[in-house]
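*Asks:* Mind having a look at this structure? Questions to follow.
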Amino acid sequence: MNMNSSANQVGRRGELLAELFLQDLKPAFFLKSQASNFEFDFLIGFKNVNGGLNAFAIEVKATEKPIRGHFLIGSKPFDRLRHSNIPVILLLVDTKENNIYYTQLKDHSNPSRLSESVRVPVVLIDTAEKERFVKLMKG
Amino acid sequence: MPLQEVTGFRGEKITELALTDFSAFDRPLFAPGFLGDKWPAIDFYVELNSVRGSRPYFFVQTKSTRRDIDQDSQSLPISTKKKDIERLLRIPGPTYVIGVHEPSKRSFITSVYQGRKNAAISSIPLKYELTAENLQNLYNEVRGFWRTTQHKPDSSIFS
């Protein structure tokens with residue numbers, strides 16, 4: 001595998017930007033597995049208002065192209081992630097502009113399907129949206 | 001995990017992101033490879049992208065800090081050991097120390113070059129922040145150095 005390939009570099013930047021962003025939210029736990037068969041990029045948990053833990057799986061996708069409010073994800077990965085028993089958050093990282101977008105996959109019960117892809121809307125995490133994102137995590 | 005270690009780990013990630021930032025370029029100028037905590041004095045081996053027929057490189061040691069950057073300050077305070085600078089001076093090729101201000105995720109670079117005083121480095125000027133301009137300057141400097149030296153040995157007993 002060419003670690004210096006453009007695709008690998010984009011993927012690596014996406015992973016790093018997502019990781020630092022999530023760690024800055026000060027989660028109760030943050031897990032990253034090196035195992036090749038680990039289905040998610042990260043597992044993260046936050047204390048909720050009832051004293052329990054809200055756990056989420058995070059799937060990171062990286063791109064160097066402009067993001068125009070939506071993202072195409074393969075049908076099979078989408079179905080696998082959406083129908084997992086743990087809530088999955090998709091983080092879409094624009095590695096050129098260093099912006100992060102997100103969507104919660106369970107929200108898309110009837111997404112727009114193209115032949116082998118699903119089109120999901122994503123939201124830019126700016127200052128205001130970050131507060132909503134944190135509320136989503138903490139319940 | 002002690003806060004110092006967490007700061008160090010995050011500093012390494014911030015360094016990698018700083019070196020691969022391409023908001024002002026078509027693609028990242030550099031391809032860093034993390035050498036791991038066990039390698040003495042060097043944290044990253046970094047190659048230059050887009051040099052035809054060659055992969056010039058340099059080495060980086062990262063130092064992270066959570067200390068405040070005062071409003072009037074002209075430099076980022078960091079803590080290095082004299083023996084680490086000695087090691088960097090002994091390595092053939094360009095070597096740099098990157099100081100990371102972890103709370104703001106800003107990175108600053110200073111060179112450990114031939115002729116530099118063999119002493120610990122305690123600060124890095126803020127003007128050497130890894131902005132797009134300084135990333136390009138770094139690229140040009142490293143590329144310029146490797147143009148002055150031989151690319152490879154021209155013979156070997158193992159040929």
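Within each chain, counting starts at residue 1; across the structure tokens, chains are named A, B, ... in the order shown, with ligands numbered 1 upward in that order.
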With a distance cut-off of 8 Å and only C-alpha atoms, select the neighbouring residues of range 28-45 of chain B, excluding the residue or stretch itself and same-chain residues fewer than 5 positions from it, and output the selection as a list in words.
*Replies:*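 Listed by chain and then number, they are Asn4 and Gln9 of chain A; Glu12, Glu16, Leu19, Thr20, Asp21, Phe22, Ser50, Tyr57, Phe58, Phe59, Val60, Gln61, Thr62, Asp84, Ile85, Arg87, Leu88, Leu135, Gln136 and Tyr139 of chain B.
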*Asks:* Write a file of the just-selected residues containing N, CA, C and O atoms, as a JSON list (two decimals), in the first residue's frame.
*Replies:*
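Result saved to selection_1.json:
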[["chain", "number", "residue", "atom", "x", "y", "z"],
["A", 4, "ASN", "N", 2.06, 7.12, 0.75],
["A", 4, "ASN", "CA", 2.18, 8.50, 0.30],
["A", 4, "ASN", "C", 1.23, 8.84, -0.82],
["A", 4, "ASN", "O", 1.28, 9.93, -1.36],
["A", 9, "GLN", "N", -3.13, 10.06, 1.87],
["A", 9, "GLN", "CA", -2.86, 11.29, 2.59],
["A", 9, "GLN", "C", -4.16, 12.00, 2.95],
["A", 9, "GLN", "O", -4.30, 12.54, 4.05],
["B", 12, "GLU", "N", 1.87, 15.58, 18.31],
["B", 12, "GLU", "CA", 2.34, 14.85, 17.13],
["B", 12, "GLU", "C", 1.29, 14.88, 16.03],
["B", 12, "GLU", "O", 1.61, 15.04, 14.85],
["B", 16, "GLU", "N", 1.58, 16.70, 12.30],
["B", 16, "GLU", "CA", 1.31, 16.03, 11.01],
["B", 16, "GLU", "C", 0.28, 16.82, 10.21],
["B", 16, "GLU", "O", 0.42, 16.98, 8.99],
["B", 19, "LEU", "N", 1.95, 19.97, 8.72],
["B", 19, "LEU", "CA", 2.84, 19.69, 7.58],
["B", 19, "LEU", "C", 2.06, 19.29, 6.33],
["B", 19, "LEU", "O", 2.56, 19.44, 5.22],
["B", 20, "THR", "N", 0.87, 18.76, 6.51],
["B", 20, "THR", "CA", 0.11, 18.30, 5.34],
["B", 20, "THR", "C", -1.02, 19.25, 4.97],
["B", 20, "THR", "O", -1.84, 18.94, 4.10],
["B", 21, "ASP", "N", -1.06, 20.41, 5.61],
["B", 21, "ASP", "CA", -2.10, 21.38, 5.26],
["B", 21, "ASP", "C", -1.92, 21.82, 3.81],
["B", 21, "ASP", "O", -0.82, 22.18, 3.40],
["B", 22, "PHE", "N", -3.02, 21.77, 3.03],
["B", 22, "PHE", "CA", -2.90, 22.19, 1.64],
["B", 22, "PHE", "C", -4.02, 23.14, 1.25],
["B", 22, "PHE", "O", -4.44, 23.20, 0.09],
["B", 50, "SER", "N", 6.05, 15.84, -5.06],
["B", 50, "SER", "CA", 6.10, 16.55, -6.35],
["B", 50, "SER", "C", 7.48, 17.01, -6.78],
["B", 50, "SER", "O", 7.61, 18.03, -7.45],
["B", 57, "TYR", "N", 14.10, 14.76, 1.65],
["B", 57, "TYR", "CA", 13.47, 14.54, 2.95],
["B", 57, "TYR", "C", 14.12, 15.41, 4.02],
["B", 57, "TYR", "O", 15.20, 15.99, 3.81],
["B", 58, "PHE", "N", 13.48, 15.47, 5.17],
["B", 58, "PHE", "CA", 14.05, 16.09, 6.35],
["B", 58, "PHE", "C", 13.48, 15.39, 7.57],
["B", 58, "PHE", "O", 12.56, 14.57, 7.45],
["B", 59, "PHE", "N", 14.04, 15.70, 8.71],
["B", 59, "PHE", "CA", 13.62, 15.09, 9.97],
["B", 59, "PHE", "C", 13.07, 16.14, 10.92],
["B", 59, "PHE", "O", 13.51, 17.29, 10.91],
["B", 60, "VAL", "N", 12.12, 15.71, 11.73],
["B", 60, "VAL", "CA", 11.48, 16.64, 12.66],
["B", 60, "VAL", "C", 11.40, 16.04, 14.06],
["B", 60, "VAL", "O", 11.08, 14.86, 14.22],
["B", 61, "GLN", "N", 11.69, 16.87, 15.02],
["B", 61, "GLN", "CA", 11.38, 16.53, 16.41],
["B", 61, "GLN", "C", 10.27, 17.49, 16.85],
["B", 61, "GLN", "O", 10.34, 18.69, 16.58],
["B", 62, "THR", "N", 9.27, 16.94, 17.50],
["B", 62, "THR", "CA", 8.12, 17.74, 17.92],
["B", 62, "THR", "C", 8.17, 17.99, 19.42],
["B", 62, "THR", "O", 8.47, 17.07, 20.20],
["B", 84, "ASP", "N", 19.31, 16.03, 22.75],
["B", 84, "ASP", "CA", 18.47, 15.87, 21.55],
["B", 84, "ASP", "C", 18.96, 16.77, 20.42],
["B", 84, "ASP", "O", 18.99, 16.36, 19.26],
["B", 85, "ILE", "N", 19.35, 17.99, 20.77],
["B", 85, "ILE", "CA", 19.88, 18.90, 19.75],
["B", 85, "ILE", "C", 21.20, 18.37, 19.22],
["B", 85, "ILE", "O", 21.48, 18.41, 18.01],
["B", 87, "ARG", "N", 22.02, 15.27, 18.99],
["B", 87, "ARG", "CA", 21.68, 14.16, 18.08],
["B", 87, "ARG", "C", 21.24, 14.71, 16.73],
["B", 87, "ARG", "O", 21.62, 14.19, 15.68],
["B", 88, "LEU", "N", 20.40, 15.74, 16.77],
["B", 88, "LEU", "CA", 19.90, 16.30, 15.50],
["B", 88, "LEU", "C", 21.06, 16.89, 14.69],
["B", 88, "LEU", "O", 21.09, 16.78, 13.46],
["B", 135, "LEU", "N", 5.36, 27.05, 4.99],
["B", 135, "LEU", "CA", 5.40, 25.69, 4.43],
["B", 135, "LEU", "C", 6.12, 25.72, 3.09],
["B", 135, "LEU", "O", 6.95, 24.86, 2.79],
["B", 136, "GLN", "N", 5.82, 26.71, 2.28],
["B", 136, "GLN", "CA", 6.49, 26.83, 0.98],
["B", 136, "GLN", "C", 7.97, 27.14, 1.16],
["B", 136, "GLN", "O", 8.83, 26.60, 0.45],
["B", 139, "TYR", "N", 9.69, 23.97, 2.17],
["B", 139, "TYR", "CA", 9.82, 23.10, 0.98],
["B", 139, "TYR", "C", 10.99, 23.56, 0.13],
["B", 139, "TYR", "O", 11.85, 22.74, -0.27]]
*Asks:* Residues near Gly69 in chain A, anyone? I mean within 9 Å using only C-alpha atoms, not counting same-chain ones fewer than 5 positions away, as number ranges by chain.
*Replies:* A: 101, 120-124
*Asks:* Go ahead and write the residues just picked, N, CA and C atoms, as a short mmCIF file (atom, residue, chain, number, x, y, z; two decimals), in the first residue's frame.
*Replies:*
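The file below, again_32.cif, is the result:
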data_model
loop_
_atom_site.label_atom_id
_atom_site.label_comp_id
_atom_site.auth_asym_id
_atom_site.auth_seq_id
_atom_site.Cartn_x
_atom_site.Cartn_y
_atom_site.Cartn_z
N TYR A 101 -18.19 18.10 8.49
CA TYR A 101 -19.64 18.02 8.34
C TYR A 101 -20.09 16.73 9.02
N VAL A 120 -26.76 11.35 1.18
CA VAL A 120 -27.22 11.83 2.49
C VAL A 120 -26.83 13.28 2.67
N PRO A 121 -27.75 14.09 3.20
CA PRO A 121 -27.40 15.47 3.48
C PRO A 121 -26.48 15.54 4.70
N VAL A 122 -25.57 16.48 4.66
CA VAL A 122 -24.65 16.68 5.79
C VAL A 122 -24.64 18.15 6.17
N VAL A 123 -24.28 18.41 7.42
CA VAL A 123 -24.33 19.78 7.96
C VAL A 123 -22.93 20.19 8.42
N LEU A 124 -22.53 21.37 8.04
CA LEU A 124 -21.23 21.90 8.46
C LEU A 124 -21.22 22.15 9.96
#
*Asks:* Can you work out which residues from chain A touch chain B at a cut-off of 8 Å (counting only C-alpha atoms) and hand them back as a list in words?
*Replies:*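 Within 8 Å of chain B on chain A, we get Asn4, Ser6, Gln9, Arg13, Leu16, Leu17, Leu20, Lys96, Glu97 and Asn98 of chain A.
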*Asks:* Quick check for you: according to DSSP on this backbone, which residues of range 36-105 of chain A are classed as alpha helix (DSSP H)? Reply as a list in words.
*Replies:*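 Reading the DSSP output for range 36-105 of chain A, alpha helix (DSSP H) covers Ser75, Lys76, Pro77, Phe78, Asp79, Arg80, Leu81 and Arg82 of chain A.
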*Asks:* Show which residues sit within 7 Å of range 64-77 of chain B, as a list in words. Count only C-alpha atoms, and ignore same-chain residues fewer than 6 positions away.
*Replies:*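 After dropping sequence-adjacent residues, the list is Thr7, Gly8, Gly11, Gly99, Val100, His101, Glu102, Pro103, Ser122, Ser123, Ile124, Pro125 and Leu126 of chain B.
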*Asks:* Could those selected residues go to a file with C-alpha atoms, as a compact mmCIF listing (two decimals), in the first residue's frame?
*Replies:*
# COMPACT_ATOMS: atom_id res chain seq x y z
CA THR B 7 -0.25 16.84 25.16
CA GLY B 8 2.63 15.06 23.44
CA GLY B 11 1.16 17.57 19.48
CA GLY B 99 6.93 23.48 18.60
CA VAL B 100 3.21 22.97 19.00
CA HIS B 101 0.99 25.20 21.08
CA GLU B 102 -1.56 22.53 21.88
CA PRO B 103 -4.53 24.66 23.02
CA SER B 122 13.93 26.96 24.76
CA SER B 123 11.77 28.95 22.37
CA ILE B 124 10.73 29.31 18.75
CA PRO B 125 9.96 32.72 17.20
CA LEU B 126 6.29 33.20 16.39
*Asks:* Could you pull out all residues of chain B with a DSSP call of strand (DSSP E or B) and give them as a ChimeraX atom specification?
*Replies:* /B:30-34,44-48,57-65,75-77,95-101,106-111,123-125,129
*Asks:* Please identify all polymer residues within 9 Å of Leu105 in chain A, counting only C-alpha atoms, omitting same-chain residues fewer than 4 positions from it, and present them as a PDB file with all heavy atoms, in the first residue's frame.
*Replies:*
ATOM      1  N   PHE A  78     -23.746   2.006   3.874  1.00  0.00           N
ATOM      2  CA  PHE A  78     -24.804   2.805   4.482  1.00  0.00           C
ATOM      3  C   PHE A  78     -25.773   1.904   5.247  1.00  0.00           C
ATOM      4  O   PHE A  78     -26.088   2.155   6.411  1.00  0.00           O
ATOM      5  CB  PHE A  78     -25.567   3.587   3.410  1.00  0.00           C
ATOM      6  CG  PHE A  78     -26.786   4.308   3.943  1.00  0.00           C
ATOM      7  CD1 PHE A  78     -26.657   5.534   4.574  1.00  0.00           C
ATOM      8  CD2 PHE A  78     -28.054   3.740   3.831  1.00  0.00           C
ATOM      9  CE1 PHE A  78     -27.773   6.195   5.079  1.00  0.00           C
ATOM     10  CE2 PHE A  78     -29.166   4.398   4.335  1.00  0.00           C
ATOM     11  CZ  PHE A  78     -29.029   5.617   4.965  1.00  0.00           C
ATOM     12  N   LEU A  81     -24.202   0.409   8.392  1.00  0.00           N
ATOM     13  CA  LEU A  81     -24.030   1.358   9.495  1.00  0.00           C
ATOM     14  C   LEU A  81     -25.376   1.803  10.048  1.00  0.00           C
ATOM     15  O   LEU A  81     -25.560   1.906  11.258  1.00  0.00           O
ATOM     16  CB  LEU A  81     -23.232   2.577   9.001  1.00  0.00           C
ATOM     17  CG  LEU A  81     -21.782   2.301   8.630  1.00  0.00           C
ATOM     18  CD1 LEU A  81     -21.165   3.489   7.915  1.00  0.00           C
ATOM     19  CD2 LEU A  81     -20.954   1.937   9.846  1.00  0.00           C
ATOM     20  N   ARG A  82     -26.344   2.056   9.169  1.00  0.00           N
ATOM     21  CA  ARG A  82     -27.629   2.578   9.619  1.00  0.00           C
ATOM     22  C   ARG A  82     -28.394   1.558  10.453  1.00  0.00           C
ATOM     23  O   ARG A  82     -29.139   1.917  11.345  1.00  0.00           O
ATOM     24  CB  ARG A  82     -28.485   3.014   8.423  1.00  0.00           C
ATOM     25  CG  ARG A  82     -29.736   3.702   8.895  1.00  0.00           C
ATOM     26  CD  ARG A  82     -30.589   4.295   7.813  1.00  0.00           C
ATOM     27  NE  ARG A  82     -31.796   4.782   8.436  1.00  0.00           N
ATOM     28  CZ  ARG A  82     -32.867   4.011   8.665  1.00  0.00           C
ATOM     29  NH1 ARG A  82     -32.880   2.761   8.276  1.00  0.00           N
ATOM     30  NH2 ARG A  82     -33.917   4.505   9.277  1.00  0.00           N
ATOM     31  N   HIS A  83     -28.186   0.298  10.133  1.00  0.00           N
ATOM     32  CA  HIS A  83     -28.931  -0.746  10.843  1.00  0.00           C
ATOM     33  C   HIS A  83     -28.120  -1.375  11.968  1.00  0.00           C
ATOM     34  O   HIS A  83     -28.451  -2.461  12.441  1.00  0.00           O
ATOM     35  CB  HIS A  83     -29.403  -1.809   9.849  1.00  0.00           C
ATOM     36  CG  HIS A  83     -30.380  -1.252   8.850  1.00  0.00           C
ATOM     37  ND1 HIS A  83     -31.606  -0.758   9.211  1.00  0.00           N
ATOM     38  CD2 HIS A  83     -30.279  -1.078   7.508  1.00  0.00           C
ATOM     39  CE1 HIS A  83     -32.240  -0.307   8.123  1.00  0.00           C
ATOM     40  NE2 HIS A  83     -31.457  -0.492   7.081  1.00  0.00           N
ATOM     41  N   PRO A  87     -25.869   3.884  17.664  1.00  0.00           N
ATOM     42  CA  PRO A  87     -26.036   5.024  16.755  1.00  0.00           C
ATOM     43  C   PRO A  87     -24.723   5.379  16.077  1.00  0.00           C
ATOM     44  O   PRO A  87     -23.663   5.383  16.724  1.00  0.00           O
ATOM     45  CB  PRO A  87     -26.485   6.167  17.672  1.00  0.00           C
ATOM     46  CG  PRO A  87     -26.691   5.607  19.014  1.00  0.00           C
ATOM     47  CD  PRO A  87     -26.171   4.208  19.064  1.00  0.00           C
ATOM     48  N   VAL A  88     -24.803   5.638  14.787  1.00  0.00           N
ATOM     49  CA  VAL A  88     -23.607   5.942  14.012  1.00  0.00           C
ATOM     50  C   VAL A  88     -23.671   7.379  13.519  1.00  0.00           C
ATOM     51  O   VAL A  88     -24.663   7.806  12.940  1.00  0.00           O
ATOM     52  CB  VAL A  88     -23.471   4.986  12.805  1.00  0.00           C
ATOM     53  CG1 VAL A  88     -22.226   5.332  11.995  1.00  0.00           C
ATOM     54  CG2 VAL A  88     -23.416   3.534  13.267  1.00  0.00           C
ATOM     55  N   ILE A  89     -22.604   8.100  13.757  1.00  0.00           N
ATOM     56  CA  ILE A  89     -22.457   9.464  13.244  1.00  0.00           C
ATOM     57  C   ILE A  89     -21.466   9.422  12.110  1.00  0.00           C
ATOM     58  O   ILE A  89     -20.350   8.883  12.276  1.00  0.00           O
ATOM     59  CB  ILE A  89     -21.917  10.415  14.332  1.00  0.00           C
ATOM     60  CG1 ILE A  89     -22.790  10.381  15.580  1.00  0.00           C
ATOM     61  CG2 ILE A  89     -21.770  11.825  13.777  1.00  0.00           C
ATOM     62  CD1 ILE A  89     -24.118  11.060  15.439  1.00  0.00           C
ATOM     63  N   LEU A  90     -21.855   9.963  10.991  1.00  0.00           N
ATOM     64  CA  LEU A  90     -20.933  10.081   9.865  1.00  0.00           C
ATOM     65  C   LEU A  90     -20.275  11.453   9.947  1.00  0.00           C
ATOM     66  O   LEU A  90     -20.966  12.484   9.997  1.00  0.00           O
ATOM     67  CB  LEU A  90     -21.685   9.938   8.541  1.00  0.00           C
ATOM     68  CG  LEU A  90     -20.889  10.213   7.265  1.00  0.00           C
ATOM     69  CD1 LEU A  90     -19.838   9.133   7.042  1.00  0.00           C
ATOM     70  CD2 LEU A  90     -21.809  10.304   6.047  1.00  0.00           C
ATOM     71  N   SER A 109     -34.203   7.414   7.014  1.00  0.00           N
ATOM     72  CA  SER A 109     -34.943   6.167   6.818  1.00  0.00           C
ATOM     73  C   SER A 109     -35.296   5.956   5.353  1.00  0.00           C
ATOM     74  O   SER A 109     -35.505   4.842   4.901  1.00  0.00           O
ATOM     75  CB  SER A 109     -36.226   6.182   7.662  1.00  0.00           C
ATOM     76  OG  SER A 109     -37.010   7.303   7.293  1.00  0.00           O
ATOM     77  N   VAL A 120     -26.758  11.351   1.181  1.00  0.00           N
ATOM     78  CA  VAL A 120     -27.223  11.829   2.491  1.00  0.00           C
ATOM     79  C   VAL A 120     -26.834  13.284   2.671  1.00  0.00           C
ATOM     80  O   VAL A 120     -25.715  13.679   2.326  1.00  0.00           O
ATOM     81  CB  VAL A 120     -26.654  10.981   3.659  1.00  0.00           C
ATOM     82  CG1 VAL A 120     -27.217   9.583   3.638  1.00  0.00           C
ATOM     83  CG2 VAL A 120     -25.151  10.930   3.648  1.00  0.00           C
TER      84      VAL A 120
END
*Asks:* Rank nothing, just name the residue among A:Leu114, A:Asn54, A:Asp107, A:Phe42 nearest to Leu22 in chain A, using only C-alpha atoms.
*Replies:*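 Of all the options, A:Phe42 lies closest to Leu22 in chain A.
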*Asks:* CA of Lys83 in chain B to CA of Ala120 in chain B: how many Å, to one decimal?
*Replies:*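 We find that CA of Lys83 in chain B and CA of Ala120 in chain B lie 7.7 Å from each other.
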*Asks:* How far is it from CA of Ala57 in chain A to CA of Lys76 in chain A, in Å with one decimal?
*Replies:*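 A separation of 17.0 Å between them.
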*Asks:* From the options A:Val60, A:Asn110, A:Gly52, A:Glu116, which residue's atoms come nearest to Leu72 in chain A, counting only C-alpha atoms?
*Replies:* A:Glu116
*Asks:* Provide the CA of Gln23 in chain A to CA of Ile44 in chain A distance in Å, to one decimal place.
*Replies:* 9.2 Å
*Asks:* Neighbouring residues of range 38-40 of chain A were defined as those with any atom within 7 Å, considering only C-alpha atoms; residues of the same chain fewer than 3 positions away were excluded. Please report them as a ChimeraX atom specification.
*Replies:* /A:33,35,57-59
*Asks:* May I have the selected residues written with C-alpha atoms, as a PDB file, in the first residue's frame?
*Replies:*
ATOM      1  CA  SER A  33      -8.905   0.369  17.062  1.00  0.00           C
ATOM      2  CA  ALA A  35      -7.709  -4.029  14.057  1.00  0.00           C
ATOM      3  CA  ALA A  57     -19.861   4.894  16.629  1.00  0.00           C
ATOM      4  CA  ILE A  58     -18.112   7.351  14.353  1.00  0.00           C
ATOM      5  CA  GLU A  59     -17.518   6.733  10.685  1.00  0.00           C
TER       6      GLU A  59
END
